[in-house]
Protein chains: 2
Amino acid sequence: MTDAVTPPHVTDAVTVPHVTDAVTVLPVTGVGEVRPGADLAQLLLDALGSDGLRDGDVLVVTSKVVSKAEGRLVHTDRTAALDAETARVVARRGPTTIVRTRHGLVMAGAGIDASNTAPGTVLLLPEDPDASARRLRATLLERTGCNVAVVVTDTAGRAWRHGQTDLAIGAAGLTVLHDHAGLHDPHGNLLVVTAPAVADEIAAAADLVKGKLARRPAAVLRGLSAWVLPAGAHGAGARVLVREEDQDMFGLGARDAVLAALGADPAARAGFGRAAPAADLLVHLAALGAPGVAAGTDVDVPLPELAPRELGRWEARVHAAVFALGWSVVPSHDPTTVLRLRPPTP
Amino acid sequence: MTDAVTPPHVTDAVTVPHVTDAVTVLPVTGVGEVRPGADLAQLLLDALGSDGLRDGDVLVVTSKVVSKAEGRLVHTDRTAALDAETARVVARRGPTTIVRTRHGLVMAGAGIDASNTAPGTVLLLPEDPDASARRLRATLLERTGCNVAVVVTDTAGRAWRHGQTDLAIGAAGLTVLHDHAGLHDPHGNLLVVTAPAVADEIAAAADLVKGKLARRPAAVLRGLSAWVLPAGAHGAGARVLVREEDQDMFGLGARDAVLAALGADPAARAGFGRAAPAADLLVHLAALGAPGVAAGTDVDVPLPELAPRELGRWEARVHAAVFALGWSVVPSHDPTTVLRLRPPTP
């Protein structure tokens, strides 16, 4: 999928990739139960042993232990927690609710974890996973002298694919997205849309050695120092990987989108992304039998001459399409002959 | 996201993960230009050197070189190729067209590659990437005696996230999905929805050492032999990772879903997934002011007493919702008083 708007550049003048050697993915074993207020950096260092970290390593930690250390284990039921963590419902089907969280993550159940927790308690995601990663990175530098990037991960399902992979939900000291924009391939074709989500690939690689059921909540990736930023530079964090709602085409499930548009549900408006340009609006409306004309920034659609019941059908369809395309119906000089449409004010 | 229907099980009786040691990701360097008809296995073995492969390794190859060796470089323009490779359009916005391919992959531009190819030519994905992986695996076993799993990858964008990651589009000799269904965590909670997409995580890890611009089209992952199937057993392949359309909630972009439902576009029907159960249909219709009653497998919605224009609006909204929910409007005994709805015949 292309990025309609290019994300923040991490441009690179070279045309060869950074990594030239092997990458080793090492599990971190022997981390005990993590309790609220625990010194997570120290628990990880103890488990890693004296030679555990080196300059340029990437330490990958599951959000679960970060959350536990940060006291995000709360006594509540899952439904109440889901409401509190949800920014917007994306899709609902049967027992499944997929939401966009406060962090911008799209996940079933808002990433709330009720497995591996005592009954009646749930574990919320870290309040600010990038900040958690920065704190951990700073502490590790202080205690070991090693410049180590930190990635905080969570497990998420994907549209279109079975199974889950781990994603980066927090990061510090890492180039999270390697934007090739502006580079050319050896044939001279511009590579406009290639931007490997390095932090997500690191999270996925780490999951190959971590253990959901064993107590191995972390991994070290060695050999990726070209992606590690200088000590003290934390970088933009994993937030950069979150697609802004207005650039996303899948902000609502297919069925949910239709029901939201028919109900003109204001809470779901953002799920349709940025408003369509007038030219696109006109094309789509024409396909529904509602050709219009641009009148400045507004678009005027003449009401067709139809019997009342037919006109009502026409109206309902046009209203739903207009809503989905991000436009609004506004009062016109003569509402008996024209439907006036207006894009959102930017 | 949960899997509404559990995919084929690869069940495991143990409650500890397979991997206990480090995983090494080795780039394969020195693979020259791959021409149509090339012996790809031999090119990779030559590049790997005499000690290049060991029993239990996973060899990850980008689909690009598989396609080249299989002669999938065709003289055509991108638009014609896109039409030919598309099973269904998923979303369109501006210059971007996201489609579901014949393989079930959802990708911008159907995974057709016009970068790194001469002008006027495009590179199509392998005809059957699982079969490509099986052939490569069999040849490697024959020539080296090593039991090596093979993963064929491609790069894809994601809903909700910036940047791309590599995915497994073909696999042989590998447990591609590790279904934990039926297992319990240490607190006794049932782990119903955790199924790491191992093959996708392997593809992502390999991308960390492969090079899109350099000529490093492959990587070897060492340390994952627990996921490698016995010699001769190819397994179900990466096809298992493709979510069936009827289980997918994101088969259409949000805006595209609305336009498809308003136009009752039969080509887009599969994008809405499996038909809603009658109970769900009734809930959604009631929210739109169209309460109905189940009449056997059909649902009868009494027409409200409204002025004709209002009735037309009501009708259009109900028709679009019914379409999105996978049901159809069928003739009733008295169409002036009742709208009769029928689920699809299974």
# chains A, B, ... in the order shown; residues from 1 in each chain; ligands from 1
>>> closest_atom_pairs(of="chain B", to="chain A", cutoff="6 Å", atoms="only C-alpha atoms", output="tab-separated table")
residue	atom	partner	partner_atom	distance
B:Met1	CA	A:Gly157	CA	4.3
B:Val16	CA	A:Ala214	CA	5.7
B:Pro17	CA	A:Gly211	CA	6.0
B:Val19	CA	A:Val209	CA	5.8
B:Ala22	CA	A:Leu26	CA	4.6
B:Val23	CA	A:Val25	CA	5.0
B:Thr24	CA	A:Thr24	CA	4.5
B:Val25	CA	A:Val23	CA	5.0
B:Leu26	CA	A:Ala22	CA	4.5
B:Met107	CA	A:Met1	CA	6.0
B:Ala108	CA	A:Met1	CA	4.4
B:Ser115	CA	A:Asn189	CA	5.7
B:Asn116	CA	A:His187	CA	5.7
B:Gly157	CA	A:Met1	CA	4.3
B:Trp160	CA	A:Arg243	CA	5.2
B:Arg161	CA	A:Arg243	CA	4.7
B:His162	CA	A:Leu241	CA	4.8
B:Gly163	CA	A:Ala197	CA	4.7
B:Gln164	CA	A:Pro196	CA	4.8
B:Thr165	CA	A:Pro196	CA	5.8
B:Asp185	CA	A:Asn116	CA	5.8
B:His187	CA	A:Asn116	CA	5.7
B:Asn189	CA	A:Ser115	CA	5.8
B:Ala195	CA	A:Gly163	CA	4.9
B:Pro196	CA	A:Gln164	CA	4.8
B:Ala197	CA	A:Gly163	CA	4.7
B:Glu201	CA	A:Ala204	CA	4.8
B:Ala204	CA	A:Glu201	CA	4.8
B:Ala205	CA	A:Ala205	CA	4.6
B:Val209	CA	A:Val19	CA	5.8
B:Gly211	CA	A:Pro17	CA	5.9
B:Leu213	CA	A:Val16	CA	5.9
B:Ala214	CA	A:Val16	CA	5.6
B:Leu241	CA	A:His162	CA	4.8
B:Val242	CA	A:Arg161	CA	4.9
B:Arg243	CA	A:Arg161	CA	4.7
B:Met249	CA	A:Gly253	CA	5.2
B:Phe250	CA	A:Gly253	CA	5.0
B:Leu252	CA	A:Ala254	CA	5.3
B:Gly253	CA	A:Phe250	CA	5.0
B:Ala254	CA	A:Ala257	CA	5.2
B:Arg255	CA	A:Ala324	CA	5.5
B:Ala257	CA	A:Ala254	CA	5.2
B:Val258	CA	A:Val258	CA	4.8
B:Phe272	CA	A:Ala254	CA	5.8
B:Pro308	CA	A:Arg309	CA	4.5
B:Arg309	CA	A:Arg309	CA	4.3
B:Glu310	CA	A:Gly312	CA	5.9
B:Gly312	CA	A:Gly312	CA	4.2
B:Arg313	CA	A:Gly312	CA	4.3
B:Ala316	CA	A:Arg313	CA	4.9
B:Ala324	CA	A:Arg255	CA	5.5
>>> select_by_dssp(residues="region 194-337 of chain B", states="helix (DSSP H, G or I)", output="count of residues only")
63
>>> select_by_dssp(residues="region 46-159 of chain A", states="strand (DSSP E)", output="PyMOL selection string")
chain A and resi 58-62+73-75+86-93+96-101+106-108+121-123+149-158
>>> atom_distance(atom1="CA of Trp227 (chain B)", atom2="CA of Thr175 (chain B)")
5.2 Å
>>> closest_residue(among="B:Arg135, B:Arg54, B:Arg102, B:Arg340", to="Leu82 (chain B)", atoms="only C-alpha atoms")
B:Arg102
>>> atom_distance(atom1="CA of Leu306 (chain B)", atom2="CA of Trp327 (chain A)")
27.7 Å
>>> closest_residue(among="A:Val122, A:Ala264, A:Leu303, A:Val58", to="Gly71 (chain A)", atoms="only C-alpha atoms")
A:Val122
>>> atom_distance(atom1="CA of Gly173 (chain B)", atom2="CA of Pro217 (chain B)")
19.9 Å
>>> residues_around(residues="region 65-68 of chain A", least_positions_apart="6", cutoff="12 Å", atoms="only C-alpha atoms", output="number ranges by chain")
A: 31-41, 43-44, 74, 111-113, 116-117, 121-133, 135-136, 150-154, 169-170, 212, 215-218
